[in-house]
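> Take this structure, written in structure tokens, and hold onto it; I'll ask about it next.
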Amino acid sequence: MISHQRSLAATTGELRILPSRTMDTSYPREDYLPMTSRKQDTSPTVITIGPSVVPRDHLIWSIFNTIYMNLCCFGLVALVYSVKARDQKVAGDIEAARHFSSKAKCYNILAMVWNLLLPLLIIALVITGVIHLSKLAQESMDFFNYKFFPNDDDRK
């Protein structure tokens, strides 16, 4: 009768506390669990999870390339991609962070090559210009020192 009243109360949704004379011990307790006679698998399952490689954002490198001789704006573009990579890394999207990091690295390399190549090119042009001007000055001095009439000194 008590079990019938419990099921009736459960189906109607009402909660009734019925007086119970005996303690319900039908569920298994931890200390009375039956031992399983199944054979346990002796080989352990090993799952190795490597540390997730967080991509670098190259932010400091981008800042230096932005400040130093940023003529073609490669450093500025690298800075934008570096900030995007850092934002995606903070948001947890590792693939997007890796993509933006790769673009930032490419633009940083372009900016660095441009920043190193341009001063070397300017120095080379200055050196060749100085050499050319010195040869031109020497030729003009030779032209003005040329004697048109070699016997003018002899007549006096």
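Simple scheme: letters A, B, ... for chains in structure tokens order, numbers from 1 for residues in each chain, numbers from 1 for ligands in the order shown.
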Quick one: residues within 12 Å of A:Asp93, only C-alpha atoms counted, chain neighbours fewer than 5 positions away excluded, as a ChimeraX atom specification?
/A:52,54-55,84-88,98-100
> Would you give me, as a PyMOL selection string, the residues in stretch 26-143 of chain A that DSSP reads as alpha helix (DSSP H)?
chain A and resi 59-67+74-91+94-143
> Go through A:Leu125, A:Val53, A:Leu110, A:Ala97 and flag the residue nearest A:Ala78, using only C-alpha atoms for the distances.
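With only C-alpha atoms as the atom set, the closest residue is A:Leu110.
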> Have a look at A:Thr128, A:Ser82, A:Ser43, A:Gln138 and name the one nearest to A:Ser102; count only C-alpha atoms.
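Once distances to A:Ser102 are computed over only C-alpha atoms, the minimum belongs to A:Ser82.
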> Which distance in Å separates atom CA of A:Asn115 and atom CA of A:Lys103, to one decimal?
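Atom CA of A:Lys103 lies 18.0 Å from atom CA of A:Asn115.
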> I'd like the contact shell of A:Cys73 - 12 Å cut-off, only C-alpha atoms, skipping same-chain residues fewer than 6 positions apart - returned as a list of chain:residue names.
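Once the nearby chain positions are removed, what remains is A:Ser62, A:Ile63, A:Asn65, A:Thr66, A:Ile67, A:Leu79, A:Val80, A:Tyr107, A:Asn108, A:Leu110, A:Ala111, A:Met112, A:Trp114, A:Asn115.
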> To one decimal in Å, tell me the separation between atom CA of A:Arg56 and atom CA of A:Cys106.
12.8 Å
> To one decimal in Å, tell me the separation between atom CA of A:Ile109 and atom CA of A:Tyr68.
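These two atoms are separated by 13.5 Å.
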